[in-house]
Every structure is written in structure tokens, then in C-alpha cells.
Amino acid sequence: MIHVKDLQKEFKIHQSRSGLSGALRDLFKREYKTVRAVDSISFDVEEGEIFALIGENGAGKSTTIKMLTGILTPTDGEIQINGFVPFKQREAYVKSIGVVFGQRSQLWWDLSPLESFRLLRRVYKVDEAEGSKWLDRLIDELELGSFVSQPVRKLSLGQRMRCEIAASLIHKPKLLFLDEPTVGLDVLVKQKIRDFLHNLNETEKMTILLTTHDVSDIEALCKRVIMMDQGRVIYDGQLSNLKDKWGDRTEVSFRFKKPTTAASVREVLGELGCEVIDENDLAVRVRMKRSQELLPQVLATVMASFEVSDVQVQEASTEEIVRNIYSADGEVASYG
């Protein structure tokens with residue numbers, strides 16, 4: 001489905017010189033520096049895969065996505081997706097992909113989503129009968145029925161994002177690009193979107209590329225992760241292997257019904273290797289190595305010893321995993 005080899009993208013950036021004299025010189029002769037945003041990356045994706053492209057801000061993810069969707073032309077390297085070279089055959093290529101780019105809407109603000117869907121169906125020249133049947137399915141599975149006829153400007157963020165996903169699928173593409181599809185959404189809406197995408201992949205064999213900072217999205221949908229940093233691919237493999245090697249920290253936040261100190265929690269945990277931190281009179285955080293045996297022990301011990309009103313378990317974030325892949329001197333650590 002996707003073949004990428006030695007892909008590069010460079011940008012020329014204007015270098016402003018300081019002072020009035022520098023500004024005057026810039027009027028007649030500008031100085032530029034070349035920045036390589038994507039640095040010789042290669043990977044292949046099979047049809048029907050759901051995979052995540054992750055990394056910290058500035059890692060090169062967005063530039064890569066824009067080249068994969070045909071928005072940007074690579075400086076060097078090869079891209080072939082579903083038989084197309086995106087930047088050379090863009091008009092034909094875009095009919096085979098769907099895209100949801102962060103906060104950029106493809107819906108008309110003063111129209112209802114339903115009217116936008118019908119307009120998009122005409123743009124893509126979708127067959128009327130098949131298109132109506134497919135749209136009915138999207139509305140049903142994304143639970144859009146109660147608000148699909150309201151103006152887009154009156155919808156909540158969660159409602160609008162579900163409509164954006166439906167709009168990107170109007171022409172039943174073979175490949176779907178999702179850039180932060182659940183950012184800012186509540187837990188229930190996130191779960192609805194995840195369930196829908198999982199079902200879509202199973203029934204339609206649709207290939208889905210996801211970029212996100214939400215590890216729970218990745219865990220719910222993806223087995224494979226491609227991680228970027230400074231324009232390079234620094235990890236390409238199974239999510240389970242990545243988390244086992246680099247996401248080695250688990251943090252549990254306990255909220256108590258009565259005032260409780262970190263010292264008292266540390267005392268009951270005894271020999272268990274944990275770091276206990278005070279948050280306030282009614283809450284502490286317990287940090288530990290990621291372990292299938294240690295976490296249940298900590299939970300059982302604390303909950304048996306204190307009156308607990310709430311518990312939250314949080315594993316290492318994407319950003320922490322990226323940082324852990326690097327050694328102290330900034331060189332990429334081995335992950336093989």
C-alpha cells in the first residue's frame with residue numbers, strides 16, 4: 001500500500017541579520033540556511049494496517065504526512081502509495097485517500113454536516129445509490145443522527161470531529177490519514193471514534209495512518225509504531241516492544257478520603273521498590289518500574305491499608321518514551 005524510500009524534504013529559511021544595517025543589507029541580498037525537516041526515511045506499509053506515526057513536536061511528522069498526501073513535493077527519495085506517486089498524480093491520487101488534519105475543517109461552517117456530505121459526494125462523483133447507503137452507515141456507526149442536520153457552527157468539538165471523520169470517508173477511500181483525531185475530546189467520544197475506526201479497518205480492510213500524542217489511542221488501535229525525531233525514523237516496530245524497552249515507568253495517583261502522607265504510604269509498601277510523592281493532604285503519587293507483578297501489589301497494599309476514593313494509573317507518555325530512547329549525550333540509543 002505505502003512504499004517510502006530515502007525520503008527527504010529540505011526548506012530554505014531566511015536568516016535575518018541584526019540591526020538597521022543588517023536590515024538594509026537584507027533588502028538587497030538575503031541570506032538563507034537549509035533545514036532538513038525529513039532526513040532519508042524509509043518504510044513500507046501493507047494494505048489493511050493501522051499504524052501510528054509518532055514523535056515530539058518538530059520531529060518531522062507533519063512534513064512527512066504532507067508529502068504522503070501530495071501536499072508537498074519531496075526534495076529527494078521515492079513515494080508510491082496504492083500505485084500512485086502522490087505529488088505527480090495528485091488529482092487521481094486524492095480520490096483514493098481520506099484526510100483529517102487537526103483543526104482544519106472540510107465542512108462548511110454555516111451548512112449542516114448532512115449538506116456538506118452531499119456536496120462532497122458530488123465533488124468526488126460518488127454513485128448516488130451506493131453513496132447514500134455508505135453515508136447511512138457512517139451516520140449510524142458514528143452516531144451523528146441527532147445533530148447531522150444542525151449547522152456546523154452549533155456543534156460541540158466532539159460532534160464536529162465525528163463529522164470531520166465521516167466527511168473524509170464520503171468517497172470510501174482505501175487509505176485514511178488522521179492527524180490528532182481525538183485531541184481535546186472527552187473519554188466517551190474518544191471511545192466511539194476508536195470503536196468506529198477499528199470496525200472500519202476490519203470490515204473494509206482500510207489502511208489507517210494515525211498521528212497522535214495520546215498513547216491510549218495508539219494502544220487501542222495500533223500494533224505497529226513508526227517513531228520520528230529530528231527528521232529521522234528512530235523506531236519502526238511493534239508497540240509492545242517499544243513500551244517494554246523504553247516505557248518502563250508506571251505512575252499511580254491515589255486520592256484518599258482522609259488526610260494521608262507520603263511517609264505513611266511508603267511505610268506500608270515496605271520493600272516494594274517505589275517512589276512516593278506528596279501531592280496534597282488527600283493525594284499521593286507512587287512511581288515504579290513498569291511490571292505486571294508490581295502494580296497489582298501496590299494497588300492491593302494501598303487500598304487495603306487506607307480509605308481510597310479514587311485511583312488513576314498512568315504509563316509513560318509518548319514524549320517520555322522518545323526521551324528515553326536517547327542517551328544522556330543526545331545520541332540515539334540502540335533499540336535493536
# chains A, B, ... in the order shown; residues from 1 in each chain; ligands from 1
$ residues_around --residues "stretch 127-138 of chain A" --least-positions-apart "6" --cutoff "12 Å" --atoms "only C-alpha atoms" --output "PyMOL selection string"
chain A and resi 113-121+144-145+148+162-173+193+196-197+199-200+204
$ select_by_dssp --residues "stretch 97-270 of chain A" --states "helix (DSSP H, G or I)" --output "short mmCIF file (atom, residue, chain, number, x, y, z; two decimals) with C-alpha atoms, in the first residue's frame"
data_model
loop_
_atom_site.label_atom_id
_atom_site.label_comp_id
_atom_site.auth_asym_id
_atom_site.auth_seq_id
_atom_site.Cartn_x
_atom_site.Cartn_y
_atom_site.Cartn_z
CA PRO A 113 -22.94 18.30 8.11
CA LEU A 114 -25.53 16.46 6.00
CA GLU A 115 -25.48 19.20 3.34
CA SER A 116 -21.66 19.19 3.42
CA PHE A 117 -21.64 15.42 2.96
CA ARG A 118 -23.90 15.71 -0.09
CA LEU A 119 -21.70 18.40 -1.62
CA LEU A 120 -18.57 16.32 -1.03
CA ARG A 121 -20.27 13.33 -2.60
CA ARG A 122 -20.76 15.36 -5.78
CA VAL A 123 -17.18 16.62 -5.70
CA GLU A 128 -25.92 8.13 -5.77
CA ALA A 129 -27.30 4.78 -4.62
CA GLU A 130 -24.05 3.38 -3.24
CA GLY A 131 -23.14 6.75 -1.76
CA SER A 132 -26.45 7.04 0.12
CA LYS A 133 -26.07 3.55 1.55
CA TRP A 134 -22.49 4.25 2.66
CA LEU A 135 -23.45 7.62 4.18
CA ASP A 136 -26.27 5.99 6.15
CA ARG A 137 -23.72 3.60 7.61
CA LEU A 138 -21.34 6.41 8.57
CA ILE A 139 -24.15 8.36 10.25
CA ASP A 140 -25.29 5.25 12.14
CA GLU A 141 -21.87 3.99 13.32
CA VAL A 152 -21.71 23.01 11.89
CA ARG A 153 -21.09 26.20 13.92
CA LYS A 154 -23.54 24.95 16.58
CA LEU A 157 -15.93 19.74 19.37
CA GLY A 158 -16.69 16.03 19.73
CA GLN A 159 -19.68 16.21 17.38
CA ARG A 160 -17.69 18.20 14.83
CA MET A 161 -14.75 15.79 14.90
CA ARG A 162 -17.01 12.81 14.25
CA CYS A 163 -18.49 14.71 11.31
CA GLU A 164 -14.98 15.51 10.02
CA ILE A 165 -14.12 11.81 10.05
CA ALA A 166 -17.35 11.00 8.20
CA ALA A 167 -16.59 13.72 5.62
CA SER A 168 -13.13 12.25 4.97
CA VAL A 187 -13.38 9.82 27.10
CA LEU A 188 -16.74 8.63 25.72
CA VAL A 189 -16.31 10.39 22.37
CA LYS A 190 -12.75 9.07 22.07
CA GLN A 191 -14.01 5.54 22.61
CA LYS A 192 -16.74 5.93 19.97
CA ILE A 193 -14.18 7.09 17.41
CA ARG A 194 -11.77 4.27 18.29
CA ASP A 195 -14.51 1.63 18.03
CA PHE A 196 -15.62 3.02 14.67
CA LEU A 197 -12.07 3.04 13.24
CA HIS A 198 -11.40 -0.48 14.46
CA ASN A 199 -14.63 -1.73 12.85
CA LEU A 200 -13.87 0.17 9.63
CA ASN A 201 -10.47 -1.47 9.39
CA GLU A 202 -11.90 -4.95 9.98
CA THR A 203 -14.83 -4.71 7.56
CA GLU A 204 -13.32 -2.59 4.76
CA VAL A 215 -0.82 6.74 23.95
CA SER A 216 -4.28 5.34 24.71
CA ASP A 217 -5.28 5.96 21.06
CA ILE A 218 -2.22 4.06 19.88
CA GLU A 219 -2.77 1.19 22.30
CA ALA A 220 -6.44 0.87 21.34
CA LEU A 221 -5.86 0.84 17.58
CA LEU A 239 4.22 -1.04 20.10
CA SER A 240 4.60 -3.77 22.72
CA ASN A 241 8.36 -3.95 22.10
CA LEU A 242 8.69 -0.17 22.28
CA LYS A 243 6.86 0.12 25.58
CA ASP A 244 8.65 -2.88 27.11
CA LYS A 245 12.07 -1.43 26.32
CA TRP A 246 11.56 2.31 26.82
CA ALA A 262 3.61 10.02 51.54
CA ALA A 263 5.59 8.72 54.54
CA SER A 264 2.68 6.58 55.74
CA VAL A 265 2.12 5.15 52.26
CA ARG A 266 5.83 4.43 51.88
CA GLU A 267 5.77 2.60 55.22
CA VAL A 268 3.00 0.17 54.20
CA LEU A 269 4.66 -0.50 50.84
#
$ closest_residue --among "A:Asp281, A:Glu307, A:Glu47, A:Glu78" --to "A:Leu7" --atoms "only C-alpha atoms"
A:Glu78
$ residues_around --residues "stretch 59-61 of chain A" --least-positions-apart "4" --cutoff "6 Å" --atoms "only C-alpha atoms" --output "PyMOL selection string"
chain A and resi 37-38+55+228-231
$ residues_around --residues "A:Asp214" --least-positions-apart "6" --cutoff "12 Å" --atoms "only C-alpha atoms" --output "ChimeraX atom specification"
/A:52-56,179-185,187,190,220-222,314-319
$ residues_around --residues "A:Met206" --least-positions-apart "5" --cutoff "6 Å" --atoms "only C-alpha atoms" --output "list of chain:residue names"
A:Gly48, A:Lys174, A:Leu175, A:Asn201
$ residues_around --residues "stretch 62-69 of chain A" --least-positions-apart "3" --cutoff "9 Å" --atoms "only C-alpha atoms" --output "list of chain:residue names"
A:Ile2, A:Val4, A:Leu7, A:Gln8, A:Lys9, A:Ala37, A:Val38, A:Gly58, A:Ala59, A:Leu72, A:Thr73, A:Pro74, A:Ile79, A:Gln80, A:Ile81, A:Val85, A:Pro86, A:Phe87, A:Arg90, A:Tyr93, A:Val94, A:Ile97, A:Val99, A:Phe177, A:Asp179, A:Thr211, A:Gly231
$ write_last_selection --atoms "N, CA and C atoms" --output "mmCIF file, in the first residue's frame"
data_model
loop_
_atom_site.group_PDB
_atom_site.id
_atom_site.type_symbol
_atom_site.label_atom_id
_atom_site.label_comp_id
_atom_site.auth_asym_id
_atom_site.auth_seq_id
_atom_site.Cartn_x
_atom_site.Cartn_y
_atom_site.Cartn_z
ATOM 1 N N ILE A 2 1.842 1.332 0.936
ATOM 2 C CA ILE A 2 2.721 2.509 1.027
ATOM 3 C C ILE A 2 4.176 2.058 0.921
ATOM 4 N N VAL A 4 7.934 3.879 0.888
ATOM 5 C CA VAL A 4 8.725 5.097 1.061
ATOM 6 C C VAL A 4 10.193 4.698 1.146
ATOM 7 N N LEU A 7 13.341 9.096 1.713
ATOM 8 C CA LEU A 7 12.563 10.321 1.521
ATOM 9 C C LEU A 7 13.195 11.486 2.272
ATOM 10 N N GLN A 8 13.348 12.623 1.565
ATOM 11 C CA GLN A 8 13.943 13.822 2.164
ATOM 12 C C GLN A 8 13.100 15.049 1.830
ATOM 13 N N LYS A 9 13.091 16.006 2.757
ATOM 14 C CA LYS A 9 12.485 17.297 2.486
ATOM 15 C C LYS A 9 13.316 18.374 3.138
ATOM 16 N N ALA A 37 14.025 18.902 7.129
ATOM 17 C CA ALA A 37 12.922 18.536 8.022
ATOM 18 C C ALA A 37 12.696 17.034 8.064
ATOM 19 N N VAL A 38 12.924 16.364 6.936
ATOM 20 C CA VAL A 38 12.820 14.901 6.859
ATOM 21 C C VAL A 38 14.104 14.387 6.243
ATOM 22 N N GLY A 58 7.962 18.906 16.147
ATOM 23 C CA GLY A 58 9.165 19.235 15.385
ATOM 24 C C GLY A 58 9.939 18.026 14.916
ATOM 25 N N ALA A 59 9.388 16.824 15.113
ATOM 26 C CA ALA A 59 10.112 15.604 14.740
ATOM 27 C C ALA A 59 10.103 15.362 13.234
ATOM 28 N N LEU A 72 3.066 18.385 -0.311
ATOM 29 C CA LEU A 72 4.447 18.831 -0.514
ATOM 30 C C LEU A 72 5.164 17.899 -1.478
ATOM 31 N N THR A 73 6.091 18.467 -2.239
ATOM 32 C CA THR A 73 6.942 17.688 -3.134
ATOM 33 C C THR A 73 8.255 17.370 -2.419
ATOM 34 N N PRO A 74 8.671 16.118 -2.364
ATOM 35 C CA PRO A 74 9.932 15.776 -1.691
ATOM 36 C C PRO A 74 11.131 16.401 -2.383
ATOM 37 N N ILE A 79 8.275 7.904 -3.207
ATOM 38 C CA ILE A 79 6.997 7.604 -2.547
ATOM 39 C C ILE A 79 6.094 6.956 -3.587
ATOM 40 N N GLN A 80 5.531 5.823 -3.231
ATOM 41 C CA GLN A 80 4.489 5.219 -4.053
ATOM 42 C C GLN A 80 3.409 4.694 -3.126
ATOM 43 N N ILE A 81 2.171 5.167 -3.332
ATOM 44 C CA ILE A 81 1.060 4.786 -2.470
ATOM 45 C C ILE A 81 -0.098 4.311 -3.331
ATOM 46 N N VAL A 85 2.148 8.054 -7.438
ATOM 47 C CA VAL A 85 3.170 8.937 -6.879
ATOM 48 C C VAL A 85 2.431 10.213 -6.484
ATOM 49 N N PRO A 86 2.209 10.454 -5.176
ATOM 50 C CA PRO A 86 1.264 11.494 -4.737
ATOM 51 C C PRO A 86 1.462 12.867 -5.346
ATOM 52 N N PHE A 87 2.696 13.386 -5.380
ATOM 53 C CA PHE A 87 2.909 14.756 -5.846
ATOM 54 C C PHE A 87 2.877 14.869 -7.370
ATOM 55 N N ARG A 90 -1.569 13.892 -8.311
ATOM 56 C CA ARG A 90 -2.352 14.285 -7.139
ATOM 57 C C ARG A 90 -3.858 14.213 -7.371
ATOM 58 N N TYR A 93 -4.847 10.661 -7.312
ATOM 59 C CA TYR A 93 -4.459 10.062 -6.031
ATOM 60 C C TYR A 93 -5.410 10.437 -4.898
ATOM 61 N N VAL A 94 -5.826 11.708 -4.826
ATOM 62 C CA VAL A 94 -6.637 12.145 -3.685
ATOM 63 C C VAL A 94 -8.001 11.469 -3.651
ATOM 64 N N ILE A 97 -7.738 8.555 -1.085
ATOM 65 C CA ILE A 97 -7.361 8.789 0.313
ATOM 66 C C ILE A 97 -8.390 9.682 1.006
ATOM 67 N N VAL A 99 -8.512 12.357 4.507
ATOM 68 C CA VAL A 99 -7.586 13.077 5.390
ATOM 69 C C VAL A 99 -8.362 13.892 6.418
ATOM 70 N N PHE A 177 -5.797 9.123 6.514
ATOM 71 C CA PHE A 177 -4.807 9.820 7.329
ATOM 72 C C PHE A 177 -5.541 10.577 8.439
ATOM 73 N N ASP A 179 -4.783 13.025 11.704
ATOM 74 C CA ASP A 179 -3.816 13.810 12.474
ATOM 75 C C ASP A 179 -4.491 14.286 13.759
ATOM 76 N N THR A 211 -1.546 9.920 13.547
ATOM 77 C CA THR A 211 -0.543 10.668 14.304
ATOM 78 C C THR A 211 -1.219 11.207 15.560
ATOM 79 N N GLY A 231 13.667 14.501 12.122
ATOM 80 C CA GLY A 231 13.546 14.147 10.718
ATOM 81 C C GLY A 231 13.888 12.723 10.361
#
$ residues_around --residues "A:Lys289" --least-positions-apart "3" --cutoff "9 Å" --atoms "only C-alpha atoms" --output "ChimeraX atom specification"
/A:248-251,273-274,294-295
$ atom_distance --atom1 "atom CA of A:Ser96" --atom2 "atom CA of A:Phe84"
9.5 Å
